[in-house]
Amino acid sequence: MDEPLAVPMRSLASLLEGIPIIPLTAPLRNLACLPRETIHQIMDDLPLVNILKILAHNNSYLNECVISHAGYQNVFPTFSVATQLTELFILHREICYFTGKALAGPFSPKSSPHLNHTYKSLTAHRFRDDLQELTRSDLVGAIEHTVYVHGGDRIIMEQYASEPYHPLLDGDNNSCSNLRKRWAWWKTALTNLNENKARQLNMLAHLISEYPGKVMLKTPLDPLQAGPRFNTDHIARRYKTSAKRLLVNRKLPRWDLDPWGNGGGPRCKYSKELTELIPYDRCLWSFLGTLERYPPKNLWTLKQYPDLSSQFSKLSINGDNKSREEIAYPEDIAKNLDVVMRGLMYIYTESPLLIIPRIVWPKEEEMGVPLFKKPVFAVDTTAQDRNPCTEPIHHCIGKRIRPHIEKEYDWLKAFLKVVAWMEQNPNFKGNKYISKC
């Protein structure tokens with residue numbers, strides 16, 4: 001029985017400097033056992049992307065076969081050039097594996113038209129003398145298509161990156177070291193951003209399960225405010241499924257049209273500052289009615305919240321002026337109540353210039369009985385304008401990419417916890433003025 005052919009050994013001078021040596025796969029091990037002339041004939045039919053895959057293993061014998069190939073000498077004239085192109089290809093391959101893109105062809109990051117062709121097909125056209133530059137431009141273009149971040153995206157992603165974004169780091173903007181640093185920045189920022197989104201969706205699923213019948217979806221709204229809907233398990237499962245998808249998501253939402261909405265750009269979405277869930281209005285009535293009838297004892301007074309105090313001075317939530325009875329709220333409930341009161345009047349936004357009320361209070365002419373009208377949670381259905389001088393990115397587009405503000409979720413959790421305690425507290429039983437939500 002004949003012994004298998006041994007892989008020819010070559011000197012260290014045939015290795016690509018700075019490229020890690022990767023063990024050959026089974027097909028490449030068999031290829032390395034063949035004579036150089038046979039390997040050259042095989043390489044005639046291999047596309048350029050496969051030649052780069054061979055160089056990425058940094059095998060000395062196969063490196064020499066590539067460099068000595070009569071056709072690919074125009075692409076890799078020296079080991080130095082082969083090292084530079086291989087470094088770019090390794091980074092390009094890492095990006096494609098992470099984002100789920102093809103290495104070459106129409107499904108690659110930027111189509112990469114030349115990487116999928118063989119040397120013969122390229123030399124049949126006018127690309128014969130520009131193969132090296134075309135290969136470099138294809139790789140750099142494909143990498144930049146992912147790592148280059150638009151101005152609006154950059155503002156959002158910098159909040160989740162480990163360091164600021166530097167388009168030009170060490171002189172050559174298209175050097176492999178610069179591209180790799182920008183890729184590391186992009187990967188870290190996108191991963192952290194999606195993890196924050198997934199955590200928020202899991203939190204919403206938990207709130208729906210823990211407080212059934214107290215929260216509703218922002219869209220579609222429930223205009224009737226009828227009895228609580230307890231069949232919300234499918235909504236919680238949907239949020240958990242969306243969270244799992246976000247953890248493996250490798251794409252950043254982009255826009256190809258005018259990002260400011262001029263001339264057919266993306267449409268504005270209303271109420272983008274609100275979280276996905278909003279408490280039912282009957283929970284607001286229960287909260288305000290209980291707070292008015294049983295204010296907390298020795299914790300704070302309405303004078304600390306002048307906006308709310310002015311509304312209470314004009315409005316009795318239950319339509320009467322019953323005497324108040326101060327009670328001592330538990331410490332944890334008092335802390336959550338303080339969080340609720342701080343964010344009760346206005347929604348937390350990214351910009352202090354964007355003021356959105358949380359509650360729509362009835363007008364003075366709507367306060368009389370029997371025309372008594374109760375306050376409701378505000379869900380503005382109009383598109384929000386932007387100020388080009390103060391907002392660097394369109395508001396709706398920004399909210400489509402970034403997670404919601406954490407303070408909004410803290411407020412929602414605190415509100416639901418306080419309302420649930422108010423309903424379950426024995427001191428409030430028998431109070432006919434408080435309607436459970």
# chains A, B, ... in the order shown; residues from 1 in each chain; ligands from 1

call {"tool": "select_by_dssp", "arguments": {"residues": "segment 17-236 of chain A", "states": "alpha helix (DSSP H)", "output": "NGL selection string"}}
result
:A and (26-32 or 36-43 or 48-56 or 60-67 or 79-99 or 119-123 or 131-147 or 151-157 or 176-210 or 233-236)

call {"tool": "residues_around", "arguments": {"residues": "Glu406 of chain A", "least_positions_apart": "3", "cutoff": "12 Å", "atoms": "only C-alpha atoms", "output": "list in words"}}
result
Asn196, Lys197, Arg199, Gln200, Leu201, Met203, Glu273, Leu274, Thr275, Ile347, Tyr348, Thr349, Glu350, Arg402, Pro403, Tyr409, Asp410, Trp411, Leu412 and Lys413 of chain A

call {"tool": "residues_around", "arguments": {"residues": "His69 of chain A", "least_positions_apart": "6", "cutoff": "12 Å", "atoms": "only C-alpha atoms", "output": "ChimeraX atom specification"}}
result
/A:36-44,51,62-63,75-78,119

call {"tool": "closest_residue", "arguments": {"among": "A:Asp130, A:Asp281, A:Glu94, A:Asp45", "to": "Lys187 of chain A", "atoms": "only C-alpha atoms"}}
result
A:Glu94

call {"tool": "closest_residue", "arguments": {"among": "A:Leu46, A:Ile278, A:Ile54, A:Leu291", "to": "Glu326 of chain A", "atoms": "only C-alpha atoms"}}
result
A:Leu291

call {"tool": "residues_around", "arguments": {"residues": "Leu55 of chain A", "least_positions_apart": "5", "cutoff": "9 Å", "atoms": "only C-alpha atoms", "output": "PDB file with all heavy atoms, in the first residue's frame"}}
result
ATOM      1  N   LEU A  16       3.330  34.591   5.217  1.00  0.00           N
ATOM      2  CA  LEU A  16       2.874  35.977   5.187  1.00  0.00           C
ATOM      3  C   LEU A  16       3.034  36.570   6.585  1.00  0.00           C
ATOM      4  O   LEU A  16       2.451  36.077   7.548  1.00  0.00           O
ATOM      5  CB  LEU A  16       1.415  36.050   4.733  1.00  0.00           C
ATOM      6  CG  LEU A  16       1.100  35.422   3.368  1.00  0.00           C
ATOM      7  CD1 LEU A  16      -0.381  35.579   3.037  1.00  0.00           C
ATOM      8  CD2 LEU A  16       1.961  36.037   2.276  1.00  0.00           C
ATOM      9  N   ASN A  50     -11.607  32.409  -3.601  1.00  0.00           N
ATOM     10  CA  ASN A  50     -11.052  31.146  -3.121  1.00  0.00           C
ATOM     11  C   ASN A  50      -9.535  31.219  -2.991  1.00  0.00           C
ATOM     12  O   ASN A  50      -8.948  30.588  -2.104  1.00  0.00           O
ATOM     13  CB  ASN A  50     -11.441  30.004  -4.068  1.00  0.00           C
ATOM     14  CG  ASN A  50     -12.883  29.583  -3.888  1.00  0.00           C
ATOM     15  OD1 ASN A  50     -13.643  30.285  -3.230  1.00  0.00           O
ATOM     16  ND2 ASN A  50     -13.261  28.451  -4.460  1.00  0.00           N
ATOM     17  N   LEU A  62       1.501  26.529  -0.231  1.00  0.00           N
ATOM     18  CA  LEU A  62       0.398  27.078  -1.024  1.00  0.00           C
ATOM     19  C   LEU A  62       0.616  28.569  -1.309  1.00  0.00           C
ATOM     20  O   LEU A  62       0.201  29.061  -2.360  1.00  0.00           O
ATOM     21  CB  LEU A  62      -0.930  26.854  -0.296  1.00  0.00           C
ATOM     22  CG  LEU A  62      -1.378  25.394  -0.154  1.00  0.00           C
ATOM     23  CD1 LEU A  62      -2.704  25.302   0.596  1.00  0.00           C
ATOM     24  CD2 LEU A  62      -1.501  24.731  -1.526  1.00  0.00           C
ATOM     25  N   ASN A  63       1.250  29.273  -0.381  1.00  0.00           N
ATOM     26  CA  ASN A  63       1.577  30.683  -0.648  1.00  0.00           C
ATOM     27  C   ASN A  63       2.490  30.812  -1.862  1.00  0.00           C
ATOM     28  O   ASN A  63       2.287  31.676  -2.726  1.00  0.00           O
ATOM     29  CB  ASN A  63       2.260  31.306   0.570  1.00  0.00           C
ATOM     30  CG  ASN A  63       1.296  31.482   1.747  1.00  0.00           C
ATOM     31  OD1 ASN A  63       0.078  31.350   1.586  1.00  0.00           O
ATOM     32  ND2 ASN A  63       1.847  31.756   2.910  1.00  0.00           N
ATOM     33  N   VAL A  66       0.601  30.282  -5.074  1.00  0.00           N
ATOM     34  CA  VAL A  66      -0.203  31.430  -5.492  1.00  0.00           C
ATOM     35  C   VAL A  66       0.694  32.511  -6.093  1.00  0.00           C
ATOM     36  O   VAL A  66       0.400  33.073  -7.161  1.00  0.00           O
ATOM     37  CB  VAL A  66      -1.005  31.990  -4.299  1.00  0.00           C
ATOM     38  CG1 VAL A  66      -1.697  33.296  -4.692  1.00  0.00           C
ATOM     39  CG2 VAL A  66      -2.041  30.980  -3.817  1.00  0.00           C
ATOM     40  N   ALA A  82       0.590  40.435  -1.041  1.00  0.00           N
ATOM     41  CA  ALA A  82      -0.294  39.329  -0.647  1.00  0.00           C
ATOM     42  C   ALA A  82      -0.686  39.439   0.821  1.00  0.00           C
ATOM     43  O   ALA A  82      -1.836  39.148   1.199  1.00  0.00           O
ATOM     44  CB  ALA A  82       0.394  37.991  -0.918  1.00  0.00           C
ATOM     45  N   THR A  83       0.248  39.893   1.664  1.00  0.00           N
ATOM     46  CA  THR A  83      -0.061  40.061   3.086  1.00  0.00           C
ATOM     47  C   THR A  83      -1.115  41.143   3.289  1.00  0.00           C
ATOM     48  O   THR A  83      -2.071  40.963   4.064  1.00  0.00           O
ATOM     49  CB  THR A  83       1.213  40.420   3.858  1.00  0.00           C
ATOM     50  OG1 THR A  83       2.184  39.371   3.706  1.00  0.00           O
ATOM     51  CG2 THR A  83       0.919  40.617   5.335  1.00  0.00           C
ATOM     52  N   THR A  86      -4.505  39.922   2.045  1.00  0.00           N
ATOM     53  CA  THR A  86      -5.019  38.856   2.908  1.00  0.00           C
ATOM     54  C   THR A  86      -5.537  39.420   4.222  1.00  0.00           C
ATOM     55  O   THR A  86      -6.560  38.954   4.753  1.00  0.00           O
ATOM     56  CB  THR A  86      -3.923  37.816   3.178  1.00  0.00           C
ATOM     57  OG1 THR A  86      -3.427  37.313   1.932  1.00  0.00           O
ATOM     58  CG2 THR A  86      -4.466  36.650   3.986  1.00  0.00           C
TER      59      THR A  86
END

call {"tool": "closest_atom_pairs", "arguments": {"of": "segment 43-85 of chain A", "to": "segment 29-32 of chain A", "cutoff": "10 Å", "atoms": "only C-alpha atoms", "output": "tab-separated table"}}
result
residue	atom	partner	partner_atom	distance
A:Asn59	CA	A:Ala32	CA	8.9
A:Ser60	CA	A:Ala32	CA	9.9
A:Tyr61	CA	A:Ala32	CA	7.1
A:Leu62	CA	A:Ala32	CA	6.5
A:Cys65	CA	A:Ala32	CA	9.4

call {"tool": "write_last_selection", "arguments": {"atoms": "N, CA, C and O atoms", "output": "PDB file, in the first residue's frame"}}
result
ATOM      1  N   ASN A  59      -0.204  28.962   4.573  1.00  0.00           N
ATOM      2  CA  ASN A  59       0.627  27.774   4.393  1.00  0.00           C
ATOM      3  C   ASN A  59       1.750  28.116   3.419  1.00  0.00           C
ATOM      4  O   ASN A  59       1.508  28.636   2.319  1.00  0.00           O
ATOM      5  N   SER A  60       2.960  27.861   3.791  1.00  0.00           N
ATOM      6  CA  SER A  60       4.110  28.315   3.004  1.00  0.00           C
ATOM      7  C   SER A  60       4.097  27.740   1.588  1.00  0.00           C
ATOM      8  O   SER A  60       4.353  28.462   0.614  1.00  0.00           O
ATOM      9  N   TYR A  61       3.800  26.453   1.428  1.00  0.00           N
ATOM     10  CA  TYR A  61       3.819  25.840   0.100  1.00  0.00           C
ATOM     11  C   TYR A  61       2.713  26.406  -0.786  1.00  0.00           C
ATOM     12  O   TYR A  61       2.947  26.779  -1.944  1.00  0.00           O
ATOM     13  N   LEU A  62       1.501  26.529  -0.231  1.00  0.00           N
ATOM     14  CA  LEU A  62       0.398  27.078  -1.024  1.00  0.00           C
ATOM     15  C   LEU A  62       0.616  28.569  -1.309  1.00  0.00           C
ATOM     16  O   LEU A  62       0.201  29.061  -2.360  1.00  0.00           O
ATOM     17  N   CYS A  65       2.755  28.708  -4.276  1.00  0.00           N
ATOM     18  CA  CYS A  65       2.006  28.337  -5.479  1.00  0.00           C
ATOM     19  C   CYS A  65       1.174  29.512  -5.994  1.00  0.00           C
ATOM     20  O   CYS A  65       1.053  29.707  -7.218  1.00  0.00           O
TER      21      CYS A  65
END

call {"tool": "residues_around", "arguments": {"residues": "Pro375 of chain A", "least_positions_apart": "2", "cutoff": "9 Å", "atoms": "only C-alpha atoms", "output": "number ranges by chain"}}
result
A: 281, 284-285, 317, 359-362, 373, 377
